[in-house]
$ cat start08.csv   # CSV, C-alpha atoms and all ligand atoms
chain,number,residue,atom,x,y,z
A,113,MET,CA,-79.5,82.9,80.9
A,114,THR,CA,-75.9,82.1,80.2
A,115,GLY,CA,-75.4,81.5,76.5
A,116,PRO,CA,-78.1,80.6,74.0
A,117,LEU,CA,-78.4,76.9,74.8
A,118,ALA,CA,-80.5,75.1,72.2
A,119,ALA,CA,-82.5,73.4,74.9
A,120,PRO,CA,-82.7,73.6,78.7
A,121,PRO,CA,-80.5,71.2,80.6
A,122,ALA,CA,-82.4,68.1,81.8
A,123,GLY,CA,-84.4,68.9,85.0
A,124,ALA,CA,-83.6,72.6,84.9
A,125,VAL,CA,-87.1,73.9,84.2
A,126,ALA,CA,-90.1,73.2,86.5
A,127,LEU,CA,-93.7,73.5,85.4
A,128,CYS,CA,-96.3,75.2,87.5
A,129,VAL,CA,-100.0,75.0,86.6
A,130,LEU,CA,-101.8,77.8,88.4
A,131,ALA,CA,-105.1,76.5,89.6
A,132,GLY,CA,-106.0,78.4,92.7
A,133,GLY,CA,-108.5,80.9,91.3
A,134,ALA,CA,-112.0,81.5,92.5
A,135,GLY,CA,-113.6,81.3,89.1
A,136,ARG,CA,-116.0,84.1,89.9
A,137,ARG,CA,-116.9,84.7,86.3
A,138,LEU,CA,-118.0,81.1,86.1
A,139,ASP,CA,-120.2,81.3,89.2
A,140,GLY,CA,-117.4,79.9,91.4
A,141,ARG,CA,-116.9,76.7,89.5
A,142,ASP,CA,-113.5,75.1,89.9
A,143,LYS,CA,-111.9,75.5,86.5
A,144,ALA,CA,-109.4,72.8,87.2
A,145,ARG,CA,-112.2,70.3,87.3
A,146,LEU,CA,-114.2,71.5,84.2
A,147,ASP,CA,-114.7,68.9,81.6
A,148,LEU,CA,-114.8,70.3,78.0
A,149,GLY,CA,-116.6,67.2,76.8
A,150,ASP,CA,-113.5,65.1,76.2
A,151,GLY,CA,-113.8,63.3,79.5
A,152,ARG,CA,-110.9,65.0,81.2
A,153,PRO,CA,-110.8,67.7,83.9
A,154,MET,CA,-109.1,70.8,82.5
A,155,LEU,CA,-106.1,70.3,84.8
A,156,ALA,CA,-105.5,66.8,83.2
A,157,ARG,CA,-105.9,68.3,79.7
A,158,VAL,CA,-103.3,71.0,80.4
A,159,LEU,CA,-100.9,68.5,81.9
A,160,ASP,CA,-101.4,66.1,79.0
A,161,ARG,CA,-100.6,68.8,76.4
A,162,LEU,CA,-97.3,69.6,78.1
A,163,ALA,CA,-96.3,66.0,78.8
A,164,PRO,CA,-93.6,64.7,79.1
A,165,TRP,CA,-92.3,67.7,81.0
A,166,PRO,CA,-88.5,67.5,81.5
A,167,GLY,CA,-88.5,68.7,85.1
A,168,PRO,CA,-90.6,68.9,88.3
A,169,VAL,CA,-94.3,69.4,87.8
A,170,LEU,CA,-96.2,71.6,90.4
A,171,VAL,CA,-99.8,72.6,90.7
A,172,SER,CA,-100.6,75.8,92.6
A,173,ALA,CA,-103.7,75.7,94.7
A,174,HIS,CA,-105.1,78.4,96.9
A,175,ALA,CA,-104.5,76.2,100.0
A,176,ALA,CA,-102.5,73.0,100.1
A,177,THR,CA,-105.6,71.4,101.7
A,178,ASP,CA,-107.3,71.7,98.2
A,179,ARG,CA,-105.0,69.0,97.0
A,180,ALA,CA,-107.4,66.0,97.1
A,181,ARG,CA,-110.2,67.8,95.4
A,182,LEU,CA,-107.8,69.2,92.8
A,183,ILE,CA,-106.1,66.0,91.7
A,184,GLU,CA,-109.2,63.8,91.7
A,185,GLY,CA,-109.4,62.3,88.2
A,186,VAL,CA,-105.9,63.6,87.4
A,187,THR,CA,-103.9,61.0,89.3
A,188,ALA,CA,-102.7,59.2,86.1
A,189,ARG,CA,-100.7,62.4,85.3
A,190,ARG,CA,-97.4,63.3,86.9
A,191,ILE,CA,-97.7,65.9,89.6
A,192,ASP,CA,-94.7,66.1,91.9
A,193,THR,CA,-96.1,68.8,94.3
A,194,VAL,CA,-99.2,70.7,95.1
A,195,VAL,CA,-98.4,74.0,96.7
A,196,GLY,CA,-100.7,76.4,98.6
A,197,ASP,CA,-100.4,80.1,98.1
A,198,ALA,CA,-97.4,81.9,99.5
A,199,LEU,CA,-99.5,84.7,101.0
A,200,THR,CA,-103.2,85.7,101.3
A,201,GLU,CA,-105.0,88.9,101.7
A,202,PRO,CA,-105.9,89.9,105.3
A,203,GLY,CA,-108.7,87.6,106.3
A,204,GLY,CA,-107.4,84.8,104.2
A,205,GLY,CA,-108.7,85.9,100.8
A,206,ARG,CA,-106.9,85.1,97.6
A,207,ALA,CA,-104.0,87.4,96.7
A,208,GLY,CA,-104.1,86.3,93.0
A,209,PRO,CA,-102.0,84.3,90.7
A,210,LEU,CA,-98.7,85.9,91.7
A,211,ALA,CA,-99.1,84.4,95.2
A,212,GLY,CA,-99.3,81.0,93.5
A,213,LEU,CA,-96.3,81.7,91.3
A,214,LEU,CA,-94.3,82.8,94.3
A,215,ALA,CA,-95.2,79.6,96.2
A,216,ALA,CA,-94.1,77.5,93.3
A,217,LEU,CA,-90.8,79.5,92.8
A,218,GLU,CA,-90.0,79.2,96.5
A,219,ALA,CA,-90.8,75.5,96.6
A,220,VAL,CA,-88.4,74.6,93.8
A,221,VAL,CA,-85.7,76.9,95.2
A,222,ALA,CA,-86.0,75.1,98.6
A,223,ARG,CA,-86.2,71.6,97.2
A,224,ASP,CA,-84.3,71.3,94.0
A,225,ALA,CA,-81.0,73.1,93.3
A,226,ALA,CA,-81.0,71.7,89.7
A,227,VAL,CA,-84.0,73.9,88.8
A,228,SER,CA,-83.1,77.4,87.5
A,229,TRP,CA,-86.3,78.3,85.6
A,230,LEU,CA,-90.0,77.8,86.0
A,231,VAL,CA,-92.8,77.9,83.4
A,232,SER,CA,-96.2,79.1,84.7
A,233,VAL,CA,-99.4,78.2,82.9
A,234,PRO,CA,-102.9,79.0,84.0
A,235,VAL,CA,-105.2,75.9,84.2
A,236,ASP,CA,-107.8,77.7,82.1
A,237,LEU,CA,-105.9,77.4,78.9
A,238,PRO,CA,-107.1,74.1,77.4
A,239,PHE,CA,-105.3,74.6,74.1
A,240,VAL,CA,-102.0,75.6,75.5
A,241,PRO,CA,-99.4,74.8,72.8
A,242,GLU,CA,-97.4,71.6,73.0
A,243,ASP,CA,-94.2,73.5,71.9
A,244,LEU,CA,-94.6,76.0,74.9
A,245,LEU,CA,-91.3,75.3,76.6
A,246,ASP,CA,-89.3,75.0,73.3
A,247,ARG,CA,-90.5,78.4,72.0
A,248,LEU,CA,-90.2,80.2,75.3
A,249,TRP,CA,-86.7,78.9,75.8
A,250,ARG,CA,-85.6,79.9,72.3
A,251,GLY,CA,-87.2,83.3,72.5
A,252,CYS,CA,-85.5,83.9,75.9
A,253,ALA,CA,-82.1,82.8,74.6
A,254,ALA,CA,-82.4,84.8,71.3
A,255,GLY,CA,-83.4,88.0,73.1
A,256,GLY,CA,-80.7,87.6,75.8
A,257,ALA,CA,-83.5,88.1,78.3
A,258,ALA,CA,-83.9,86.7,81.9
A,259,GLY,CA,-87.1,85.0,80.8
A,260,ALA,CA,-89.9,85.0,78.2
A,261,CYS,CA,-93.6,85.5,78.0
A,262,ALA,CA,-96.1,84.3,75.4
A,263,VAL,CA,-98.0,86.5,73.0
A,264,SER,CA,-100.8,85.7,70.6
A,265,ALA,CA,-103.0,87.9,68.4
A,266,GLY,CA,-101.0,90.8,69.7
A,267,ARG,CA,-101.8,90.2,73.3
A,268,ARG,CA,-99.2,89.4,76.0
A,269,HIS,CA,-100.1,86.5,78.4
A,270,PRO,CA,-98.0,87.4,81.5
A,271,LEU,CA,-98.9,84.2,83.3
A,272,VAL,CA,-97.7,82.1,80.5
A,273,ALA,CA,-94.1,82.7,81.0
A,274,LEU,CA,-90.6,81.3,81.6
A,275,TRP,CA,-89.2,82.8,84.9
A,276,PRO,CA,-85.7,82.5,86.4
A,277,VAL,CA,-86.3,81.1,89.9
A,278,SER,CA,-83.9,83.8,91.2
A,279,VAL,CA,-86.7,86.3,91.0
A,280,ALA,CA,-88.5,84.7,94.0
A,281,PRO,CA,-87.2,87.1,96.7
A,282,ALA,CA,-88.0,90.2,94.6
A,283,LEU,CA,-91.5,88.9,93.9
A,284,ARG,CA,-92.1,88.3,97.6
A,285,ARG,CA,-90.9,91.9,98.4
A,286,ALA,CA,-93.2,93.3,95.6
A,287,LEU,CA,-96.2,91.4,96.9
A,288,GLU,CA,-95.7,92.1,100.6
A,289,ARG,CA,-94.3,95.6,100.6
A,290,GLU,CA,-95.7,97.2,97.5
A,291,GLY,CA,-99.0,95.3,97.3
A,292,LEU,CA,-98.2,94.4,93.7
A,293,ARG,CA,-100.9,92.1,92.3
A,294,ARG,CA,-101.0,92.5,88.6
A,295,ALA,CA,-99.1,89.8,86.6
A,296,GLY,CA,-98.6,92.2,83.7
A,297,GLN,CA,-96.7,94.7,85.9
A,298,TRP,CA,-94.6,91.9,87.3
A,299,ALA,CA,-93.7,90.5,83.8
A,300,GLU,CA,-92.8,94.0,82.7
A,301,ARG,CA,-90.5,94.5,85.6
A,302,CYS,CA,-88.7,91.2,85.0
A,303,GLY,CA,-87.8,92.3,81.4
A,304,LEU,CA,-89.2,89.2,79.8
A,305,ALA,CA,-88.8,88.6,76.1
A,306,SER,CA,-92.1,88.4,74.1
A,307,VAL,CA,-92.5,85.2,72.1
A,308,SER,CA,-95.3,85.2,69.5
A,309,TRP,CA,-97.3,82.2,68.4
A,310,PRO,CA,-98.8,82.0,64.9
A,311,ALA,CA,-102.5,82.8,64.7
A,312,ARG,CA,-104.8,79.7,64.7
A,313,ASP,CA,-108.3,78.8,65.6
A,314,PRO,CA,-108.8,78.3,68.5
A,315,ASP,CA,-106.2,80.8,69.8
A,316,PRO,CA,-103.5,78.7,71.5
A,317,PHE,CA,-104.1,80.8,74.7
A,318,LEU,CA,-107.9,80.8,74.6
A,319,ASN,CA,-108.8,81.6,78.2
A,320,VAL,CA,-111.8,79.9,79.7
A,321,ASN,CA,-112.9,82.8,81.9
A,322,ASP,CA,-116.6,83.0,81.4
A,323,ALA,CA,-119.6,81.2,79.9
A,324,ALA,CA,-119.0,82.3,76.4
A,325,ALA,CA,-115.4,81.2,76.4
A,326,LEU,CA,-116.4,77.9,78.0
A,327,ALA,CA,-118.9,77.3,75.2
A,328,ALA,CA,-116.2,78.1,72.6
A,329,ALA,CA,-113.7,75.8,74.2
A,330,ARG,CA,-116.2,73.0,74.3
A,331,ALA,CA,-117.0,73.4,70.7
A,332,HIS,CA,-113.3,73.0,69.8
A,333,ALA,CA,-112.5,70.3,72.3
A,334,ALA,CA,-115.3,67.8,72.2
A,335,PRO,CA,-114.6,64.7,70.1
A,336,ARG,CA,-116.2,65.0,66.7
A,337,VAL,CA,-118.8,62.4,65.8
A,338,PHE,CA,-119.0,61.6,62.1
A,339,PRO,CA,-122.1,59.9,60.6
A,401,LIG,N1,-102.7,79.9,93.2
A,401,LIG,C1,-103.5,80.8,92.9
A,401,LIG,N2,-104.0,80.9,91.6
A,401,LIG,C2,-104.8,81.8,91.2
A,401,LIG,C3,-105.3,82.8,92.1
A,401,LIG,N3,-106.2,83.6,91.5
A,401,LIG,C4,-106.2,83.2,90.2
A,401,LIG,N4,-105.4,82.1,90.1
A,401,LIG,C5,-105.1,81.3,88.8
A,401,LIG,O1,-104.6,82.2,87.9
A,401,LIG,C6,-105.1,82.1,86.6
A,401,LIG,C7,-105.8,83.3,86.1
A,401,LIG,O2,-106.8,83.6,87.0
A,401,LIG,P1,-108.0,84.6,86.7
A,401,LIG,O3,-108.7,84.2,85.4
A,401,LIG,O4,-107.5,86.0,86.7
A,401,LIG,O5,-109.0,84.4,87.9
A,401,LIG,P2,-109.9,83.2,88.3
A,401,LIG,O6,-110.1,83.1,89.8
A,401,LIG,O7,-109.6,81.9,87.6
A,401,LIG,O8,-111.3,83.7,87.7
A,401,LIG,P3,-112.2,84.9,88.2
A,401,LIG,O9,-112.6,84.7,89.6
A,401,LIG,O10,-113.4,84.9,87.3
A,401,LIG,O11,-111.4,86.2,87.9
A,401,LIG,C8,-106.1,80.9,86.7
A,401,LIG,O12,-105.4,79.7,86.3
A,401,LIG,C9,-106.4,80.8,88.2
A,401,LIG,O13,-106.6,79.5,88.7
A,401,LIG,C10,-104.9,82.7,93.5
A,401,LIG,O14,-105.2,83.6,94.4
A,401,LIG,N5,-104.0,81.7,93.8

$ encode --input "start08.csv" --output "structure tokens" --more "lines below"
Ligand SMILES: Nc1nc2c(ncn2[C@@H]2O[C@H](COP(=O)(O)OP(=O)(O)OP(=O)(O)O)[C@@H](O)[C@H]2O)c(=O)[nH]1
Amino acid sequence: MTGPLAAPPAGAVALCVLAGGAGRRLDGRDKARLDLGDGRPMLARVLDRLAPWPGPVLVSAHAATDRARLIEGVTARRIDTVVGDALTEPGGGRAGPLAGLLAALEAVVARDAAVSWLVSVPVDLPFVPEDLLDRLWRGCAAGGAAGACAVSAGRRHPLVALWPVSVAPALRRALEREGLRRAGQWAERCGLASVSWPARDPDPFLNVNDAAALAAARAHAAPRVFP
């Protein structure tokens, strides 16, 4: 980043919601479509919390053909592009979230020269903080880093991060030639600044990975009914 700008230039930061997972710990349910009891699919919830996003909005699916299923019930939200994964495992299996991140980075590099950064957010974070871009940006600028990654309760969340789009070729090399798959390793390699969020209940990065986390998220998200 050149100079600690107080805010990103308009249109310079894309958003990518990663939604191409298999959801194995939730018996294969599509997390993007989970309703926490507030009448919205989780993808809509995440987009609502981060709206209005001041740049292109992408959703990363495993295959671009997943588009119709993914955006059903979400059409009132702004989605500029749904991208399919940039690579798969031999046989067509999922290569993991970094394959989705790469697809999004390559898509914005190819289509929009005004975009220099991209924020990735997994779709299974229904309480993602509304000040995500602001704090990641300021943490990145303050640390003189290339990008920034969210931390809560002492844990790094390598997929909740601000990336310079210029890392796309290096990410492709790492995925294809080294077989790198772990997001934490990739974040480490990019030298991202760590940006901590204050503790709160629920944790702003509560991750709906399994039945227990889904129950906890539902307890926090459902509209309260007062007698
Ligand atoms: N585009 C894309 N996104 C993925 C892929 N694998 C995981 N993700 C997304 O990355 C985020 C973190 O995924 P995980 O929780 O590790 O995996 P998951 O598939 O959602 O769940 P499990 O199968 O239970 O591990 C979620 O938002 C997923 O939708 C993939 O192969 N491609």

$ residues_near_ligand --input "start08.csv" --ligand "ligand LIG 401 (chain A)" --cutoff "10 Å" --atoms "only C-alpha atoms and all ligand atoms" --output "PyMOL selection string"
chain A and resi 128-144+155+171-176+195-201+205-216+232-237+270-272+293-295+319-322

$ closest_residue --input "start08.csv" --among "A:Gly167, A:Gly149, A:Pro238, A:Pro276" --to "Ala260 (chain A)" --atoms "only C-alpha atoms"
A:Pro276

$ atom_distance --input "start08.csv" --atom1 "CA of Ala225 (chain A)" --atom2 "CA of Gly251 (chain A)"
24.0 Å

$ closest_residue --input "start08.csv" --among "A:Val240, A:Val279, A:Val169, A:Ala328" --to "Gly259 (chain A)" --atoms "only C-alpha atoms"
A:Val279

$ closest_residue --input "start08.csv" --among "A:Arg152, A:Arg190, A:Arg330, A:His269" --to "Trp165 (chain A)" --atoms "all atoms listed in the file"
A:Arg190

$ residues_around --input "start08.csv" --residues "Asp313 (chain A)" --least-positions-apart "4" --cutoff "12 Å" --atoms "all atoms listed in the file" --output "number ranges by chain"
A: 239, 264-265, 309, 317-318, 328-329, 331-333

$ closest_residue --input "start08.csv" --among "A:Arg267, A:Arg250, A:Arg223, A:Arg181" --to "Ala118 (chain A)" --atoms "all atoms listed in the file"
A:Arg250

$ atom_distance --input "start08.csv" --atom1 "CA of Val227 (chain A)" --atom2 "CA of Met154 (chain A)"
26.1 Å

$ atom_distance --input "start08.csv" --atom1 "CA of Ala273 (chain A)" --atom2 "CA of Leu248 (chain A)"
7.3 Å

$ residues_near_point --input "start08.csv" --point "(-88.1, 77.0, 82.9)" --cutoff "7 Å" --atoms "all atoms listed in the file" --output "JSON, numbers by chain"
{"A": [124, 125, 126, 228, 229, 230, 231, 274, 275, 276]}

$ closest_residue --input "start08.csv" --among "A:Pro241, A:Ala286, A:Thr187, A:Val194" --to "Pro314 (chain A)" --atoms "only C-alpha atoms"
A:Pro241

$ closest_residue --input "start08.csv" --among "A:Ala305, A:Ala180, A:Ala327, A:Leu162" --to "Leu245 (chain A)" --atoms "all atoms listed in the file"
A:Leu162

$ decode --input "start08.csv" --residues "region 128-167 of chain A" --atoms "N, CA and C atoms" --output "PDB file, in the first residue's frame"
ATOM      1  N   CYS A 128     -15.210 -10.525  -1.864  1.00  0.00           N
ATOM      2  CA  CYS A 128     -15.524 -11.886  -2.324  1.00  0.00           C
ATOM      3  C   CYS A 128     -16.047 -12.710  -1.161  1.00  0.00           C
ATOM      4  N   VAL A 129     -17.292 -13.163  -1.254  1.00  0.00           N
ATOM      5  CA  VAL A 129     -17.844 -14.081  -0.253  1.00  0.00           C
ATOM      6  C   VAL A 129     -17.578 -15.504  -0.732  1.00  0.00           C
ATOM      7  N   LEU A 130     -16.821 -16.240   0.068  1.00  0.00           N
ATOM      8  CA  LEU A 130     -16.443 -17.615  -0.282  1.00  0.00           C
ATOM      9  C   LEU A 130     -17.581 -18.560   0.073  1.00  0.00           C
ATOM     10  N   ALA A 131     -18.171 -19.179  -0.934  1.00  0.00           N
ATOM     11  CA  ALA A 131     -19.365 -19.994  -0.680  1.00  0.00           C
ATOM     12  C   ALA A 131     -19.327 -21.287  -1.476  1.00  0.00           C
ATOM     13  N   GLY A 132     -18.138 -21.829  -1.681  1.00  0.00           N
ATOM     14  CA  GLY A 132     -18.039 -23.034  -2.515  1.00  0.00           C
ATOM     15  C   GLY A 132     -17.709 -24.289  -1.741  1.00  0.00           C
ATOM     16  N   GLY A 133     -17.910 -24.258  -0.415  1.00  0.00           N
ATOM     17  CA  GLY A 133     -17.530 -25.410   0.398  1.00  0.00           C
ATOM     18  C   GLY A 133     -18.531 -26.552   0.318  1.00  0.00           C
ATOM     19  N   ALA A 134     -18.119 -27.708   0.828  1.00  0.00           N
ATOM     20  CA  ALA A 134     -18.975 -28.897   0.774  1.00  0.00           C
ATOM     21  C   ALA A 134     -19.855 -29.013   2.019  1.00  0.00           C
ATOM     22  N   GLY A 135     -19.498 -28.313   3.090  1.00  0.00           N
ATOM     23  CA  GLY A 135     -20.301 -28.364   4.321  1.00  0.00           C
ATOM     24  C   GLY A 135     -20.389 -29.768   4.902  1.00  0.00           C
ATOM     25  N   ARG A 136     -19.281 -30.505   4.854  1.00  0.00           N
ATOM     26  CA  ARG A 136     -19.324 -31.906   5.309  1.00  0.00           C
ATOM     27  C   ARG A 136     -19.706 -32.040   6.775  1.00  0.00           C
ATOM     28  N   ARG A 137     -19.213 -31.087   7.613  1.00  0.00           N
ATOM     29  CA  ARG A 137     -19.534 -31.186   9.047  1.00  0.00           C
ATOM     30  C   ARG A 137     -20.990 -30.835   9.335  1.00  0.00           C
ATOM     31  N   LEU A 138     -21.680 -30.369   8.328  1.00  0.00           N
ATOM     32  CA  LEU A 138     -23.128 -30.128   8.464  1.00  0.00           C
ATOM     33  C   LEU A 138     -23.890 -31.037   7.499  1.00  0.00           C
ATOM     34  N   ASP A 139     -23.364 -32.247   7.343  1.00  0.00           N
ATOM     35  CA  ASP A 139     -24.019 -33.275   6.511  1.00  0.00           C
ATOM     36  C   ASP A 139     -24.250 -32.811   5.083  1.00  0.00           C
ATOM     37  N   GLY A 140     -23.329 -32.000   4.577  1.00  0.00           N
ATOM     38  CA  GLY A 140     -23.407 -31.598   3.170  1.00  0.00           C
ATOM     39  C   GLY A 140     -24.428 -30.505   2.888  1.00  0.00           C
ATOM     40  N   ARG A 141     -24.955 -29.888   3.939  1.00  0.00           N
ATOM     41  CA  ARG A 141     -25.923 -28.809   3.670  1.00  0.00           C
ATOM     42  C   ARG A 141     -25.186 -27.599   3.105  1.00  0.00           C
ATOM     43  N   ASP A 142     -25.895 -26.880   2.235  1.00  0.00           N
ATOM     44  CA  ASP A 142     -25.293 -25.705   1.607  1.00  0.00           C
ATOM     45  C   ASP A 142     -25.349 -24.544   2.601  1.00  0.00           C
ATOM     46  N   LYS A 143     -24.195 -24.163   3.144  1.00  0.00           N
ATOM     47  CA  LYS A 143     -24.185 -23.135   4.191  1.00  0.00           C
ATOM     48  C   LYS A 143     -24.708 -21.800   3.683  1.00  0.00           C
ATOM     49  N   ALA A 144     -24.486 -21.512   2.405  1.00  0.00           N
ATOM     50  CA  ALA A 144     -24.943 -20.229   1.856  1.00  0.00           C
ATOM     51  C   ALA A 144     -26.454 -20.093   1.976  1.00  0.00           C
ATOM     52  N   ARG A 145     -27.150 -21.228   1.996  1.00  0.00           N
ATOM     53  CA  ARG A 145     -28.611 -21.216   1.999  1.00  0.00           C
ATOM     54  C   ARG A 145     -29.205 -21.417   3.385  1.00  0.00           C
ATOM     55  N   LEU A 146     -28.379 -21.624   4.402  1.00  0.00           N
ATOM     56  CA  LEU A 146     -28.908 -21.855   5.756  1.00  0.00           C
ATOM     57  C   LEU A 146     -29.628 -20.618   6.269  1.00  0.00           C
ATOM     58  N   ASP A 147     -30.783 -20.813   6.868  1.00  0.00           N
ATOM     59  CA  ASP A 147     -31.548 -19.714   7.470  1.00  0.00           C
ATOM     60  C   ASP A 147     -31.373 -19.839   8.984  1.00  0.00           C
ATOM     61  N   LEU A 148     -30.930 -18.771   9.610  1.00  0.00           N
ATOM     62  CA  LEU A 148     -30.692 -18.830  11.052  1.00  0.00           C
ATOM     63  C   LEU A 148     -31.956 -18.494  11.848  1.00  0.00           C
ATOM     64  N   GLY A 149     -33.072 -18.362  11.147  1.00  0.00           N
ATOM     65  CA  GLY A 149     -34.329 -18.059  11.836  1.00  0.00           C
ATOM     66  C   GLY A 149     -34.753 -16.622  11.615  1.00  0.00           C
ATOM     67  N   ASP A 150     -33.966 -15.881  10.855  1.00  0.00           N
ATOM     68  CA  ASP A 150     -34.328 -14.488  10.586  1.00  0.00           C
ATOM     69  C   ASP A 150     -34.850 -14.312   9.163  1.00  0.00           C
ATOM     70  N   GLY A 151     -35.134 -15.456   8.492  1.00  0.00           N
ATOM     71  CA  GLY A 151     -35.763 -15.387   7.172  1.00  0.00           C
ATOM     72  C   GLY A 151     -34.826 -15.107   6.014  1.00  0.00           C
ATOM     73  N   ARG A 152     -33.525 -15.112   6.293  1.00  0.00           N
ATOM     74  CA  ARG A 152     -32.575 -14.838   5.202  1.00  0.00           C
ATOM     75  C   ARG A 152     -31.589 -15.992   5.058  1.00  0.00           C
ATOM     76  N   PRO A 153     -31.267 -16.364   3.802  1.00  0.00           N
ATOM     77  CA  PRO A 153     -30.149 -17.308   3.636  1.00  0.00           C
ATOM     78  C   PRO A 153     -28.865 -16.652   4.177  1.00  0.00           C
ATOM     79  N   MET A 154     -27.950 -17.457   4.654  1.00  0.00           N
ATOM     80  CA  MET A 154     -26.739 -16.903   5.280  1.00  0.00           C
ATOM     81  C   MET A 154     -25.950 -16.024   4.306  1.00  0.00           C
ATOM     82  N   LEU A 155     -25.999 -16.349   3.013  1.00  0.00           N
ATOM     83  CA  LEU A 155     -25.301 -15.491   2.047  1.00  0.00           C
ATOM     84  C   LEU A 155     -25.898 -14.074   2.056  1.00  0.00           C
ATOM     85  N   ALA A 156     -27.224 -13.989   2.126  1.00  0.00           N
ATOM     86  CA  ALA A 156     -27.881 -12.678   2.155  1.00  0.00           C
ATOM     87  C   ALA A 156     -27.495 -11.917   3.427  1.00  0.00           C
ATOM     88  N   ARG A 157     -27.428 -12.639   4.524  1.00  0.00           N
ATOM     89  CA  ARG A 157     -27.063 -12.038   5.807  1.00  0.00           C
ATOM     90  C   ARG A 157     -25.673 -11.410   5.762  1.00  0.00           C
ATOM     91  N   VAL A 158     -24.731 -12.160   5.216  1.00  0.00           N
ATOM     92  CA  VAL A 158     -23.351 -11.654   5.138  1.00  0.00           C
ATOM     93  C   VAL A 158     -23.301 -10.421   4.224  1.00  0.00           C
ATOM     94  N   LEU A 159     -23.978 -10.514   3.086  1.00  0.00           N
ATOM     95  CA  LEU A 159     -23.972  -9.361   2.162  1.00  0.00           C
ATOM     96  C   LEU A 159     -24.638  -8.146   2.807  1.00  0.00           C
ATOM     97  N   ASP A 160     -25.720  -8.377   3.541  1.00  0.00           N
ATOM     98  CA  ASP A 160     -26.411  -7.260   4.194  1.00  0.00           C
ATOM     99  C   ASP A 160     -25.506  -6.586   5.224  1.00  0.00           C
ATOM    100  N   ARG A 161     -24.760  -7.383   5.960  1.00  0.00           N
ATOM    101  CA  ARG A 161     -23.918  -6.793   7.014  1.00  0.00           C
ATOM    102  C   ARG A 161     -22.796  -5.936   6.430  1.00  0.00           C
ATOM    103  N   LEU A 162     -22.403  -6.259   5.224  1.00  0.00           N
ATOM    104  CA  LEU A 162     -21.272  -5.533   4.631  1.00  0.00           C
ATOM    105  C   LEU A 162     -21.713  -4.483   3.604  1.00  0.00           C
ATOM    106  N   ALA A 163     -23.022  -4.312   3.461  1.00  0.00           N
ATOM    107  CA  ALA A 163     -23.538  -3.340   2.482  1.00  0.00           C
ATOM    108  C   ALA A 163     -23.620  -1.942   3.105  1.00  0.00           C
ATOM    109  N   PRO A 164     -23.435  -0.891   2.315  1.00  0.00           N
ATOM    110  CA  PRO A 164     -23.093  -0.921   0.907  1.00  0.00           C
ATOM    111  C   PRO A 164     -21.589  -1.104   0.741  1.00  0.00           C
ATOM    112  N   TRP A 165     -21.196  -2.052  -0.102  1.00  0.00           N
ATOM    113  CA  TRP A 165     -19.768  -2.288  -0.335  1.00  0.00           C
ATOM    114  C   TRP A 165     -19.302  -1.315  -1.425  1.00  0.00           C
ATOM    115  N   PRO A 166     -18.185  -0.608  -1.187  1.00  0.00           N
ATOM    116  CA  PRO A 166     -17.799   0.451  -2.130  1.00  0.00           C
ATOM    117  C   PRO A 166     -16.981  -0.013  -3.338  1.00  0.00           C
ATOM    118  N   GLY A 167     -17.240  -1.236  -3.809  1.00  0.00           N
ATOM    119  CA  GLY A 167     -16.516  -1.770  -4.960  1.00  0.00           C
ATOM    120  C   GLY A 167     -17.259  -2.990  -5.469  1.00  0.00           C
TER     121      GLY A 167
END
